[in-house]
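Asks: Got a structure for you, entry17.cif, holding mmCIF, N, CA and C atoms.
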```cif
data_upload
#
loop_
_atom_site.label_atom_id
_atom_site.label_comp_id
_atom_site.auth_asym_id
_atom_site.auth_seq_id
_atom_site.Cartn_x
_atom_site.Cartn_y
_atom_site.Cartn_z
N GLU A 16 33.14 105.46 -111.38
CA GLU A 16 33.53 106.50 -110.44
C GLU A 16 33.27 107.88 -111.03
N TYR A 17 33.57 108.04 -112.31
CA TYR A 17 33.37 109.33 -112.97
C TYR A 17 31.88 109.70 -112.95
N LEU A 18 31.03 108.74 -113.30
CA LEU A 18 29.59 109.02 -113.32
C LEU A 18 29.08 109.38 -111.93
N GLU A 19 29.51 108.64 -110.94
CA GLU A 19 29.07 108.90 -109.57
C GLU A 19 29.55 110.27 -109.09
N GLU A 20 30.72 110.67 -109.53
CA GLU A 20 31.29 111.95 -109.15
C GLU A 20 30.58 113.13 -109.84
N HIS A 21 30.02 112.88 -111.03
CA HIS A 21 29.46 113.97 -111.83
C HIS A 21 27.94 114.02 -111.89
N PHE A 22 27.25 112.99 -111.39
CA PHE A 22 25.78 112.97 -111.45
C PHE A 22 25.20 112.42 -110.14
N HIS A 23 24.02 112.94 -109.79
CA HIS A 23 23.19 112.34 -108.74
C HIS A 23 22.30 111.33 -109.45
N PHE A 24 22.17 110.14 -108.90
CA PHE A 24 21.34 109.10 -109.49
C PHE A 24 20.14 108.83 -108.60
N PRO A 25 19.00 108.47 -109.21
CA PRO A 25 17.83 108.10 -108.41
C PRO A 25 18.12 106.85 -107.57
N HIS A 26 17.33 106.64 -106.53
CA HIS A 26 17.56 105.51 -105.62
C HIS A 26 17.42 104.16 -106.31
N ASP A 27 16.69 104.09 -107.43
CA ASP A 27 16.49 102.80 -108.08
C ASP A 27 17.53 102.49 -109.16
N VAL A 28 18.60 103.29 -109.21
CA VAL A 28 19.70 103.05 -110.14
C VAL A 28 20.92 102.66 -109.31
N ARG A 29 21.52 101.55 -109.68
CA ARG A 29 22.71 101.07 -108.97
C ARG A 29 23.91 101.17 -109.89
N LEU A 30 24.97 101.79 -109.41
CA LEU A 30 26.24 101.81 -110.12
C LEU A 30 27.11 100.73 -109.50
N LEU A 31 27.72 99.93 -110.34
CA LEU A 31 28.50 98.80 -109.85
C LEU A 31 29.76 98.68 -110.68
N ASP A 32 30.90 98.59 -110.02
CA ASP A 32 32.14 98.29 -110.70
C ASP A 32 32.25 96.78 -110.77
N GLY A 33 31.84 96.23 -111.91
CA GLY A 33 31.83 94.78 -112.07
C GLY A 33 33.20 94.19 -112.28
N GLY A 34 34.14 95.02 -112.70
CA GLY A 34 35.52 94.56 -112.88
C GLY A 34 35.58 93.23 -113.58
N THR A 35 36.18 92.27 -112.94
CA THR A 35 36.32 90.93 -113.51
C THR A 35 35.53 89.91 -112.68
N LEU A 36 34.38 90.31 -112.15
CA LEU A 36 33.60 89.44 -111.29
C LEU A 36 33.04 88.22 -112.01
N GLY A 37 32.78 88.34 -113.30
CA GLY A 37 32.24 87.21 -114.05
C GLY A 37 30.92 86.73 -113.48
N PRO A 38 30.80 85.41 -113.21
CA PRO A 38 29.53 84.84 -112.75
C PRO A 38 29.00 85.47 -111.45
N GLU A 39 29.86 86.04 -110.65
CA GLU A 39 29.40 86.69 -109.42
C GLU A 39 28.47 87.87 -109.71
N LEU A 40 28.53 88.40 -110.94
CA LEU A 40 27.65 89.50 -111.33
C LEU A 40 26.18 89.09 -111.35
N LEU A 41 25.91 87.79 -111.50
CA LEU A 41 24.52 87.32 -111.53
C LEU A 41 23.74 87.81 -110.31
N HIS A 42 24.37 87.79 -109.17
CA HIS A 42 23.72 88.22 -107.93
C HIS A 42 23.22 89.66 -108.04
N PHE A 43 23.97 90.50 -108.71
CA PHE A 43 23.65 91.93 -108.79
C PHE A 43 22.67 92.27 -109.91
N VAL A 44 22.67 91.52 -111.00
CA VAL A 44 21.88 91.93 -112.16
C VAL A 44 20.61 91.12 -112.38
N THR A 45 20.44 90.00 -111.69
CA THR A 45 19.22 89.21 -111.86
C THR A 45 18.02 90.05 -111.45
N GLY A 46 17.02 90.09 -112.32
CA GLY A 46 15.82 90.87 -112.06
C GLY A 46 15.88 92.30 -112.56
N THR A 47 17.01 92.68 -113.11
CA THR A 47 17.19 94.03 -113.64
C THR A 47 16.39 94.17 -114.93
N GLN A 48 15.79 95.34 -115.14
CA GLN A 48 15.05 95.61 -116.37
C GLN A 48 15.92 96.30 -117.42
N HIS A 49 16.88 97.07 -116.98
CA HIS A 49 17.79 97.80 -117.87
C HIS A 49 19.20 97.61 -117.35
N LEU A 50 20.13 97.29 -118.23
CA LEU A 50 21.52 97.12 -117.85
C LEU A 50 22.40 97.83 -118.85
N LEU A 51 23.16 98.79 -118.37
CA LEU A 51 24.12 99.52 -119.19
C LEU A 51 25.51 99.11 -118.72
N ILE A 52 26.27 98.54 -119.63
CA ILE A 52 27.62 98.08 -119.32
C ILE A 52 28.61 99.01 -120.00
N LEU A 53 29.56 99.52 -119.25
CA LEU A 53 30.60 100.41 -119.77
C LEU A 53 31.93 99.71 -119.59
N ASP A 54 32.71 99.63 -120.68
CA ASP A 54 33.97 98.90 -120.56
C ASP A 54 34.87 99.22 -121.75
N ALA A 55 36.11 98.85 -121.61
CA ALA A 55 37.01 98.85 -122.76
C ALA A 55 36.55 97.69 -123.65
N VAL A 56 36.50 97.93 -124.95
CA VAL A 56 36.04 96.91 -125.89
C VAL A 56 37.04 96.80 -127.02
N SER A 57 37.43 95.59 -127.30
CA SER A 57 38.37 95.36 -128.40
C SER A 57 37.58 95.19 -129.69
N GLY A 58 37.88 96.05 -130.64
CA GLY A 58 37.23 95.98 -131.95
C GLY A 58 38.26 96.22 -133.02
N ASP A 59 37.80 96.55 -134.20
CA ASP A 59 38.71 96.78 -135.32
C ASP A 59 39.09 98.25 -135.47
N GLY A 60 38.56 99.11 -134.62
CA GLY A 60 38.79 100.55 -134.76
C GLY A 60 40.09 101.01 -134.15
N ALA A 61 40.39 102.25 -134.43
CA ALA A 61 41.58 102.89 -133.87
C ALA A 61 41.36 103.12 -132.37
N PRO A 62 42.43 103.30 -131.60
CA PRO A 62 42.26 103.62 -130.19
C PRO A 62 41.32 104.82 -130.02
N GLY A 63 40.41 104.69 -129.06
CA GLY A 63 39.44 105.75 -128.81
C GLY A 63 38.13 105.58 -129.56
N THR A 64 38.07 104.60 -130.46
CA THR A 64 36.82 104.35 -131.18
C THR A 64 35.75 103.90 -130.19
N ALA A 65 34.59 104.53 -130.26
CA ALA A 65 33.48 104.17 -129.38
C ALA A 65 32.61 103.12 -130.05
N TYR A 66 32.10 102.20 -129.25
CA TYR A 66 31.24 101.13 -129.74
C TYR A 66 29.95 101.12 -128.93
N ARG A 67 28.87 100.70 -129.59
CA ARG A 67 27.59 100.52 -128.91
C ARG A 67 26.98 99.22 -129.43
N PHE A 68 26.65 98.34 -128.51
CA PHE A 68 26.01 97.08 -128.85
C PHE A 68 24.75 96.94 -128.01
N GLU A 69 23.73 96.33 -128.59
CA GLU A 69 22.56 96.01 -127.78
C GLU A 69 21.99 94.67 -128.22
N ASP A 70 21.29 94.04 -127.31
CA ASP A 70 20.59 92.79 -127.55
C ASP A 70 21.49 91.74 -128.20
N ASP A 71 21.06 91.15 -129.32
CA ASP A 71 21.81 90.05 -129.94
C ASP A 71 23.21 90.46 -130.40
N ALA A 72 23.40 91.73 -130.72
CA ALA A 72 24.72 92.19 -131.16
C ALA A 72 25.75 92.07 -130.04
N ILE A 73 25.30 92.10 -128.80
CA ILE A 73 26.23 91.95 -127.67
C ILE A 73 26.83 90.56 -127.70
N MET A 74 25.99 89.55 -127.77
CA MET A 74 26.48 88.18 -127.76
C MET A 74 27.32 87.89 -128.99
N ALA A 75 26.92 88.44 -130.13
CA ALA A 75 27.69 88.21 -131.36
C ALA A 75 29.09 88.81 -131.24
N HIS A 76 29.19 90.03 -130.71
CA HIS A 76 30.50 90.66 -130.59
C HIS A 76 31.40 89.93 -129.60
N PHE A 77 30.82 89.50 -128.49
CA PHE A 77 31.63 88.91 -127.44
C PHE A 77 31.83 87.40 -127.59
N GLN A 78 31.56 86.84 -128.78
CA GLN A 78 31.82 85.43 -129.03
C GLN A 78 33.30 85.11 -128.84
N GLU A 79 34.16 86.01 -129.30
CA GLU A 79 35.59 85.83 -129.12
C GLU A 79 36.00 86.62 -127.89
N LYS A 80 36.23 85.93 -126.80
CA LYS A 80 36.57 86.59 -125.54
C LYS A 80 38.04 86.98 -125.55
N VAL A 81 38.29 88.27 -125.37
CA VAL A 81 39.68 88.71 -125.38
C VAL A 81 40.14 89.23 -124.03
N SER A 82 39.21 89.45 -123.12
CA SER A 82 39.63 89.90 -121.80
C SER A 82 38.74 89.28 -120.74
N SER A 83 39.20 89.32 -119.51
CA SER A 83 38.40 88.77 -118.42
C SER A 83 37.11 89.55 -118.22
N HIS A 84 37.09 90.84 -118.60
CA HIS A 84 35.86 91.62 -118.52
C HIS A 84 34.83 91.06 -119.48
N GLU A 85 35.26 90.78 -120.71
CA GLU A 85 34.33 90.31 -121.72
C GLU A 85 33.81 88.92 -121.41
N ILE A 86 34.60 88.09 -120.75
CA ILE A 86 34.11 86.78 -120.34
C ILE A 86 32.91 86.97 -119.42
N GLY A 87 33.01 87.88 -118.50
CA GLY A 87 31.92 88.12 -117.57
C GLY A 87 30.66 88.57 -118.27
N ILE A 88 30.76 89.48 -119.21
CA ILE A 88 29.59 89.99 -119.91
C ILE A 88 28.87 88.87 -120.64
N GLN A 89 29.58 88.15 -121.47
CA GLN A 89 28.94 87.11 -122.28
C GLN A 89 28.34 86.01 -121.41
N ASP A 90 29.11 85.52 -120.46
CA ASP A 90 28.63 84.40 -119.66
C ASP A 90 27.43 84.77 -118.79
N VAL A 91 27.45 85.94 -118.20
CA VAL A 91 26.33 86.36 -117.36
C VAL A 91 25.07 86.52 -118.19
N LEU A 92 25.16 87.19 -119.33
CA LEU A 92 23.98 87.39 -120.17
C LEU A 92 23.46 86.06 -120.71
N ALA A 93 24.36 85.16 -121.09
CA ALA A 93 23.94 83.85 -121.58
C ALA A 93 23.24 83.06 -120.48
N TRP A 94 23.78 83.08 -119.28
CA TRP A 94 23.17 82.34 -118.17
C TRP A 94 21.77 82.87 -117.88
N LEU A 95 21.61 84.18 -117.86
CA LEU A 95 20.29 84.77 -117.61
C LEU A 95 19.30 84.36 -118.70
N THR A 96 19.76 84.29 -119.94
CA THR A 96 18.88 83.91 -121.04
C THR A 96 18.43 82.46 -120.93
N VAL A 97 19.37 81.56 -120.69
CA VAL A 97 19.00 80.13 -120.64
C VAL A 97 18.19 79.79 -119.41
N THR A 98 18.21 80.63 -118.40
CA THR A 98 17.40 80.38 -117.20
C THR A 98 16.12 81.21 -117.21
N ASP A 99 15.74 81.72 -118.39
CA ASP A 99 14.52 82.52 -118.56
C ASP A 99 14.46 83.74 -117.66
N ARG A 100 15.62 84.35 -117.41
CA ARG A 100 15.67 85.58 -116.61
C ARG A 100 16.42 86.67 -117.37
N ALA A 101 16.31 86.63 -118.69
CA ALA A 101 17.03 87.61 -119.52
C ALA A 101 16.62 89.03 -119.15
N ILE A 102 17.58 89.94 -119.20
CA ILE A 102 17.33 91.35 -118.94
C ILE A 102 16.75 91.94 -120.23
N PRO A 103 15.58 92.58 -120.14
CA PRO A 103 14.92 93.06 -121.37
C PRO A 103 15.71 94.10 -122.17
N ASN A 104 16.43 94.98 -121.50
CA ASN A 104 17.15 96.06 -122.19
C ASN A 104 18.60 96.08 -121.74
N VAL A 105 19.48 95.66 -122.65
CA VAL A 105 20.91 95.64 -122.35
C VAL A 105 21.65 96.41 -123.44
N VAL A 106 22.50 97.32 -123.01
CA VAL A 106 23.35 98.07 -123.93
C VAL A 106 24.78 98.02 -123.39
N VAL A 107 25.72 97.79 -124.28
CA VAL A 107 27.14 97.87 -123.94
C VAL A 107 27.71 99.08 -124.68
N LEU A 108 28.28 100.00 -123.92
CA LEU A 108 29.05 101.09 -124.50
C LEU A 108 30.50 100.79 -124.21
N GLY A 109 31.31 100.84 -125.22
CA GLY A 109 32.71 100.54 -125.02
C GLY A 109 33.60 101.46 -125.83
N MET A 110 34.86 101.41 -125.50
CA MET A 110 35.84 102.21 -126.23
C MET A 110 37.09 101.36 -126.45
N GLN A 111 37.61 101.46 -127.67
CA GLN A 111 38.85 100.77 -128.00
C GLN A 111 39.96 101.34 -127.13
N PRO A 112 40.66 100.50 -126.40
CA PRO A 112 41.73 101.01 -125.51
C PRO A 112 42.85 101.70 -126.29
N TYR A 113 43.47 102.65 -125.62
CA TYR A 113 44.66 103.31 -126.15
C TYR A 113 45.90 102.54 -125.77
N ASP A 114 45.84 101.91 -124.62
CA ASP A 114 47.01 101.25 -124.05
C ASP A 114 46.55 99.92 -123.46
N LEU A 115 47.16 98.82 -123.89
CA LEU A 115 46.75 97.50 -123.41
C LEU A 115 47.61 96.98 -122.27
N SER A 116 48.54 97.78 -121.79
CA SER A 116 49.36 97.30 -120.68
C SER A 116 48.55 97.30 -119.39
N ALA A 117 48.89 96.39 -118.51
CA ALA A 117 48.17 96.27 -117.23
C ALA A 117 48.45 97.49 -116.36
N GLY A 118 47.43 97.88 -115.61
CA GLY A 118 47.59 99.02 -114.72
C GLY A 118 46.33 99.25 -113.93
N LEU A 119 46.42 100.08 -112.92
CA LEU A 119 45.27 100.36 -112.06
C LEU A 119 44.61 101.69 -112.37
N THR A 120 45.18 102.44 -113.32
CA THR A 120 44.61 103.73 -113.68
C THR A 120 44.42 103.79 -115.19
N LEU A 121 43.62 104.75 -115.63
CA LEU A 121 43.40 104.95 -117.05
C LEU A 121 44.63 105.62 -117.68
N SER A 122 44.84 105.33 -118.95
CA SER A 122 45.91 106.03 -119.67
C SER A 122 45.49 107.49 -119.79
N SER A 123 46.44 108.37 -120.05
CA SER A 123 46.11 109.79 -120.16
C SER A 123 45.15 110.05 -121.32
N ALA A 124 45.28 109.30 -122.42
CA ALA A 124 44.38 109.47 -123.55
C ALA A 124 42.96 109.03 -123.19
N MET A 125 42.83 107.93 -122.46
CA MET A 125 41.51 107.46 -122.04
C MET A 125 40.91 108.42 -121.02
N GLU A 126 41.74 108.94 -120.15
CA GLU A 126 41.28 109.93 -119.16
C GLU A 126 40.69 111.15 -119.87
N ALA A 127 41.33 111.58 -120.96
CA ALA A 127 40.85 112.73 -121.72
C ALA A 127 39.54 112.41 -122.45
N ALA A 128 39.34 111.16 -122.84
CA ALA A 128 38.12 110.76 -123.55
C ALA A 128 36.95 110.48 -122.61
N LEU A 129 37.22 110.36 -121.33
CA LEU A 129 36.21 109.96 -120.36
C LEU A 129 34.99 110.89 -120.29
N PRO A 130 35.13 112.21 -120.28
CA PRO A 130 33.93 113.06 -120.20
C PRO A 130 32.93 112.82 -121.34
N ALA A 131 33.41 112.71 -122.56
CA ALA A 131 32.51 112.46 -123.70
C ALA A 131 31.88 111.08 -123.60
N PHE A 132 32.65 110.10 -123.15
CA PHE A 132 32.14 108.74 -122.99
C PHE A 132 31.06 108.72 -121.91
N ALA A 133 31.29 109.43 -120.82
CA ALA A 133 30.30 109.51 -119.74
C ALA A 133 29.02 110.18 -120.21
N GLN A 134 29.13 111.18 -121.08
CA GLN A 134 27.94 111.83 -121.62
C GLN A 134 27.12 110.85 -122.47
N ARG A 135 27.80 109.99 -123.22
CA ARG A 135 27.08 108.96 -123.99
C ARG A 135 26.34 108.02 -123.05
N ALA A 136 26.97 107.66 -121.95
CA ALA A 136 26.31 106.80 -120.97
C ALA A 136 25.09 107.51 -120.37
N ALA A 137 25.24 108.78 -120.04
CA ALA A 137 24.13 109.56 -119.49
C ALA A 137 22.97 109.63 -120.48
N GLU A 138 23.27 109.78 -121.76
CA GLU A 138 22.22 109.81 -122.79
C GLU A 138 21.47 108.49 -122.86
N GLU A 139 22.20 107.38 -122.76
CA GLU A 139 21.54 106.06 -122.76
C GLU A 139 20.59 105.95 -121.57
N LEU A 140 21.06 106.35 -120.40
CA LEU A 140 20.23 106.27 -119.20
C LEU A 140 19.00 107.17 -119.32
N ARG A 141 19.18 108.36 -119.83
CA ARG A 141 18.05 109.28 -120.01
C ARG A 141 17.03 108.70 -121.00
N ALA A 142 17.50 108.00 -122.03
CA ALA A 142 16.59 107.38 -122.99
C ALA A 142 15.72 106.32 -122.31
N TRP A 143 16.22 105.75 -121.22
CA TRP A 143 15.45 104.78 -120.45
C TRP A 143 14.59 105.46 -119.38
N GLY A 144 14.62 106.78 -119.36
CA GLY A 144 13.80 107.51 -118.40
C GLY A 144 14.46 107.81 -117.08
N VAL A 145 15.75 107.56 -116.98
CA VAL A 145 16.48 107.85 -115.74
C VAL A 145 16.72 109.36 -115.66
N ARG A 146 16.35 109.93 -114.54
CA ARG A 146 16.56 111.37 -114.34
C ARG A 146 17.92 111.59 -113.66
N LEU A 147 18.87 112.09 -114.43
CA LEU A 147 20.20 112.38 -113.90
C LEU A 147 20.31 113.87 -113.59
N VAL A 148 20.86 114.16 -112.45
CA VAL A 148 21.07 115.56 -112.07
C VAL A 148 22.57 115.78 -111.97
N PRO A 149 23.11 116.70 -112.77
CA PRO A 149 24.55 116.96 -112.68
C PRO A 149 24.95 117.46 -111.28
N ARG A 150 26.10 117.01 -110.83
CA ARG A 150 26.67 117.48 -109.56
C ARG A 150 27.59 118.66 -109.85
N ALA A 151 27.71 119.52 -108.87
CA ALA A 151 28.73 120.56 -108.95
C ALA A 151 30.05 119.90 -108.57
N VAL A 152 30.97 119.83 -109.53
CA VAL A 152 32.25 119.14 -109.28
C VAL A 152 33.31 120.21 -109.09
N PRO A 153 33.96 120.20 -107.92
CA PRO A 153 35.03 121.17 -107.70
C PRO A 153 36.20 120.91 -108.65
N HIS A 154 36.77 121.96 -109.17
CA HIS A 154 37.93 121.83 -110.05
C HIS A 154 39.20 121.77 -109.23
N ALA A 155 40.08 120.88 -109.63
CA ALA A 155 41.33 120.69 -108.89
C ALA A 155 42.32 121.79 -109.21
#
```
Output the file's structure in the form of structure tokens.
Replies:
Amino acid sequence: EYLEEHFHFPHDVRLLDGGTLGPELLHFVTGTQHLLILDAVSGDGAPGTAYRFEDDAIMAHFQEKVSSHEIGIQDVLAWLTVTDRAIPNVVVLGMQPYDLSAGLTLSSAMEAALPAFAQRAAEELRAWGVRLVPRAVPHA
């Protein structure tokens, strides 16, 4: 939502809230050449630690599934690989959560970290040649 609110995307870029869709994500990502996944990621770092994984490092990190989000990532990528439909360029950007309690909104600390995290995502997309145009966002 933050990215969509702050950038115009070309018609060939799809933003998708995959949430906990798991195998249902196959429908959306099969045939994709580039896949950028943004999510909370459990690692050994302090809250707010940013992580970046690509290619084989993604599967290695997500061997131990700790959330329903991570189950979806590993299983979808594995299924695409074994069916000879692997996505050539996959990057996962994640951040160690500040708060692990269930909720429908971001914690205040994660909300504060979101602009910098979104800029990292924009940089990844630009490295793939995606032309992002910043939107004028009204201040509340």
Asks: Using Å and a single decimal, report how far atom CA of A:His23 sits from atom N of A:Val148.
Replies: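 Pair atom N of A:Val148 / atom CA of A:His23 returns 4.7 Å.
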Asks: If we count only C-alpha atoms, what is near A:Ala65 at a cut-off of 9 Å, once residues fewer than 2 positions away on the same chain are taken out, given as a PDB file with N, CA and C atoms, in the coordinates of the input?
Replies:
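Wrote out_29.pdb, looks like this:
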```
ATOM      1  N   VAL A  56      36.500  97.930-124.950  1.00  0.00           N
ATOM      2  CA  VAL A  56      36.040  96.910-125.890  1.00  0.00           C
ATOM      3  C   VAL A  56      37.040  96.800-127.020  1.00  0.00           C
ATOM      4  N   GLY A  60      38.560  99.110-134.620  1.00  0.00           N
ATOM      5  CA  GLY A  60      38.790 100.550-134.760  1.00  0.00           C
ATOM      6  C   GLY A  60      40.090 101.010-134.150  1.00  0.00           C
ATOM      7  N   PRO A  62      42.430 103.300-131.600  1.00  0.00           N
ATOM      8  CA  PRO A  62      42.260 103.620-130.190  1.00  0.00           C
ATOM      9  C   PRO A  62      41.320 104.820-130.020  1.00  0.00           C
ATOM     10  N   GLY A  63      40.410 104.690-129.060  1.00  0.00           N
ATOM     11  CA  GLY A  63      39.440 105.750-128.810  1.00  0.00           C
ATOM     12  C   GLY A  63      38.130 105.580-129.560  1.00  0.00           C
ATOM     13  N   ARG A  67      28.870 100.700-129.590  1.00  0.00           N
ATOM     14  CA  ARG A  67      27.590 100.520-128.910  1.00  0.00           C
ATOM     15  C   ARG A  67      26.980  99.220-129.430  1.00  0.00           C
ATOM     16  N   LEU A 108      28.280 100.000-123.920  1.00  0.00           N
ATOM     17  CA  LEU A 108      29.050 101.090-124.500  1.00  0.00           C
ATOM     18  C   LEU A 108      30.500 100.790-124.210  1.00  0.00           C
ATOM     19  N   GLY A 109      31.310 100.840-125.220  1.00  0.00           N
ATOM     20  CA  GLY A 109      32.710 100.540-125.020  1.00  0.00           C
ATOM     21  C   GLY A 109      33.600 101.460-125.830  1.00  0.00           C
ATOM     22  N   MET A 110      34.860 101.410-125.500  1.00  0.00           N
ATOM     23  CA  MET A 110      35.840 102.210-126.230  1.00  0.00           C
ATOM     24  C   MET A 110      37.090 101.360-126.450  1.00  0.00           C
ATOM     25  N   GLN A 111      37.610 101.460-127.670  1.00  0.00           N
ATOM     26  CA  GLN A 111      38.850 100.770-128.000  1.00  0.00           C
ATOM     27  C   GLN A 111      39.960 101.340-127.130  1.00  0.00           C
ATOM     28  N   PHE A 132      32.650 110.100-123.150  1.00  0.00           N
ATOM     29  CA  PHE A 132      32.140 108.740-122.990  1.00  0.00           C
ATOM     30  C   PHE A 132      31.060 108.720-121.910  1.00  0.00           C
TER      31      PHE A 132
END
```
Asks: From a DSSP calculation on the backbone, collect every residue of stretch 47-106 of chain A in strand (DSSP E or B) and output the set as a PDB file with N, CA and C atoms, keeping the file's coordinate frame.
Replies:
```pdb
ATOM      1  N   HIS A  49      16.880  97.070-116.980  1.00  0.00           N
ATOM      2  CA  HIS A  49      17.790  97.800-117.870  1.00  0.00           C
ATOM      3  C   HIS A  49      19.200  97.610-117.350  1.00  0.00           C
ATOM      4  N   LEU A  50      20.130  97.290-118.230  1.00  0.00           N
ATOM      5  CA  LEU A  50      21.520  97.120-117.850  1.00  0.00           C
ATOM      6  C   LEU A  50      22.400  97.830-118.850  1.00  0.00           C
ATOM      7  N   LEU A  51      23.160  98.790-118.370  1.00  0.00           N
ATOM      8  CA  LEU A  51      24.120  99.520-119.190  1.00  0.00           C
ATOM      9  C   LEU A  51      25.510  99.110-118.720  1.00  0.00           C
ATOM     10  N   ILE A  52      26.270  98.540-119.630  1.00  0.00           N
ATOM     11  CA  ILE A  52      27.620  98.080-119.320  1.00  0.00           C
ATOM     12  C   ILE A  52      28.610  99.010-120.000  1.00  0.00           C
ATOM     13  N   LEU A  53      29.560  99.520-119.250  1.00  0.00           N
ATOM     14  CA  LEU A  53      30.600 100.410-119.770  1.00  0.00           C
ATOM     15  C   LEU A  53      31.930  99.710-119.590  1.00  0.00           C
ATOM     16  N   ASP A  54      32.710  99.630-120.680  1.00  0.00           N
ATOM     17  CA  ASP A  54      33.970  98.900-120.560  1.00  0.00           C
ATOM     18  C   ASP A  54      34.870  99.220-121.750  1.00  0.00           C
ATOM     19  N   ALA A  55      36.110  98.850-121.610  1.00  0.00           N
ATOM     20  CA  ALA A  55      37.010  98.850-122.760  1.00  0.00           C
ATOM     21  C   ALA A  55      36.550  97.690-123.650  1.00  0.00           C
ATOM     22  N   ALA A  65      34.590 104.530-130.260  1.00  0.00           N
ATOM     23  CA  ALA A  65      33.480 104.170-129.380  1.00  0.00           C
ATOM     24  C   ALA A  65      32.610 103.120-130.050  1.00  0.00           C
ATOM     25  N   TYR A  66      32.100 102.200-129.250  1.00  0.00           N
ATOM     26  CA  TYR A  66      31.240 101.130-129.740  1.00  0.00           C
ATOM     27  C   TYR A  66      29.950 101.120-128.930  1.00  0.00           C
ATOM     28  N   ARG A  67      28.870 100.700-129.590  1.00  0.00           N
ATOM     29  CA  ARG A  67      27.590 100.520-128.910  1.00  0.00           C
ATOM     30  C   ARG A  67      26.980  99.220-129.430  1.00  0.00           C
ATOM     31  N   PHE A  68      26.650  98.340-128.510  1.00  0.00           N
ATOM     32  CA  PHE A  68      26.010  97.080-128.850  1.00  0.00           C
ATOM     33  C   PHE A  68      24.750  96.940-128.010  1.00  0.00           C
ATOM     34  N   GLU A  69      23.730  96.330-128.590  1.00  0.00           N
ATOM     35  CA  GLU A  69      22.560  96.010-127.780  1.00  0.00           C
ATOM     36  C   GLU A  69      21.990  94.670-128.220  1.00  0.00           C
ATOM     37  N   ASN A 104      16.430  94.980-121.500  1.00  0.00           N
ATOM     38  CA  ASN A 104      17.150  96.060-122.190  1.00  0.00           C
ATOM     39  C   ASN A 104      18.600  96.080-121.740  1.00  0.00           C
ATOM     40  N   VAL A 105      19.480  95.660-122.650  1.00  0.00           N
ATOM     41  CA  VAL A 105      20.910  95.640-122.350  1.00  0.00           C
ATOM     42  C   VAL A 105      21.650  96.410-123.440  1.00  0.00           C
ATOM     43  N   VAL A 106      22.500  97.320-123.010  1.00  0.00           N
ATOM     44  CA  VAL A 106      23.350  98.070-123.930  1.00  0.00           C
ATOM     45  C   VAL A 106      24.780  98.020-123.390  1.00  0.00           C
TER      46      VAL A 106
END
```
Asks: Just the number, please: distance in Å from atom CA of A:Leu41 to atom CA of A:Asp71, one decimal.
Replies: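 Answer for the atom CA of A:Leu41 to atom CA of A:Asp71 separation: 18.8 Å.
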Asks: Do you have the atom C of A:Glu126-atom CA of A:Asp32 distance handy?
Replies: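 Spanning atom C of A:Glu126 to atom CA of A:Asp32 is a straight-line distance of 18.0 Å.
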Asks: Could you spell out the hits of the PyMOL selection byres ((chain A and resi 42-53) around 7) on the shown file, as a list in words?
Replies: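 Given this file, the PyMOL selection byres ((chain A and resi 42-53) around 7) evaluates to Pro38, Glu39, Leu40, Leu41, Asp54, Ala55, Arg100, Ala101, Ile102, Pro103, Asn104, Val105, Val106, Val107, Leu108, Gly109 and Met110 of chain A.
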Asks: Store the residues picked out above, limited to N, CA and C atoms, as a CSV table (one decimal), keeping the file's coordinate frame.
Replies:
```csv
chain,number,residue,atom,x,y,z
A,38,PRO,N,30.8,85.4,-113.2
A,38,PRO,CA,29.5,84.8,-112.8
A,38,PRO,C,29.0,85.5,-111.4
A,39,GLU,N,29.9,86.0,-110.6
A,39,GLU,CA,29.4,86.7,-109.4
A,39,GLU,C,28.5,87.9,-109.7
A,40,LEU,N,28.5,88.4,-110.9
A,40,LEU,CA,27.6,89.5,-111.3
A,40,LEU,C,26.2,89.1,-111.4
A,41,LEU,N,25.9,87.8,-111.5
A,41,LEU,CA,24.5,87.3,-111.5
A,41,LEU,C,23.7,87.8,-110.3
A,54,ASP,N,32.7,99.6,-120.7
A,54,ASP,CA,34.0,98.9,-120.6
A,54,ASP,C,34.9,99.2,-121.8
A,55,ALA,N,36.1,98.8,-121.6
A,55,ALA,CA,37.0,98.8,-122.8
A,55,ALA,C,36.6,97.7,-123.6
A,100,ARG,N,15.6,84.4,-117.4
A,100,ARG,CA,15.7,85.6,-116.6
A,100,ARG,C,16.4,86.7,-117.4
A,101,ALA,N,16.3,86.6,-118.7
A,101,ALA,CA,17.0,87.6,-119.5
A,101,ALA,C,16.6,89.0,-119.2
A,102,ILE,N,17.6,89.9,-119.2
A,102,ILE,CA,17.3,91.4,-118.9
A,102,ILE,C,16.8,91.9,-120.2
A,103,PRO,N,15.6,92.6,-120.1
A,103,PRO,CA,14.9,93.1,-121.4
A,103,PRO,C,15.7,94.1,-122.2
A,104,ASN,N,16.4,95.0,-121.5
A,104,ASN,CA,17.2,96.1,-122.2
A,104,ASN,C,18.6,96.1,-121.7
A,105,VAL,N,19.5,95.7,-122.6
A,105,VAL,CA,20.9,95.6,-122.4
A,105,VAL,C,21.6,96.4,-123.4
A,106,VAL,N,22.5,97.3,-123.0
A,106,VAL,CA,23.4,98.1,-123.9
A,106,VAL,C,24.8,98.0,-123.4
A,107,VAL,N,25.7,97.8,-124.3
A,107,VAL,CA,27.1,97.9,-123.9
A,107,VAL,C,27.7,99.1,-124.7
A,108,LEU,N,28.3,100.0,-123.9
A,108,LEU,CA,29.0,101.1,-124.5
A,108,LEU,C,30.5,100.8,-124.2
A,109,GLY,N,31.3,100.8,-125.2
A,109,GLY,CA,32.7,100.5,-125.0
A,109,GLY,C,33.6,101.5,-125.8
A,110,MET,N,34.9,101.4,-125.5
A,110,MET,CA,35.8,102.2,-126.2
A,110,MET,C,37.1,101.4,-126.4
```
Asks: Kindly indicate which residue among A:Glu69, A:Ala128, A:Leu95, A:Glu16 lies nearest to A:Leu30, using all atoms listed in the file for the distances.
Replies: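 Counting all atoms listed in the file, the residue closest to A:Leu30 is A:Glu16.
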Asks: Check what the PyMOL selection byres ((chain A and resi 146) around 6.5) selects in the file above and give those residues as a PyMOL selection string.
Replies: chain A and resi 23-25+140-141+144-145+147-148
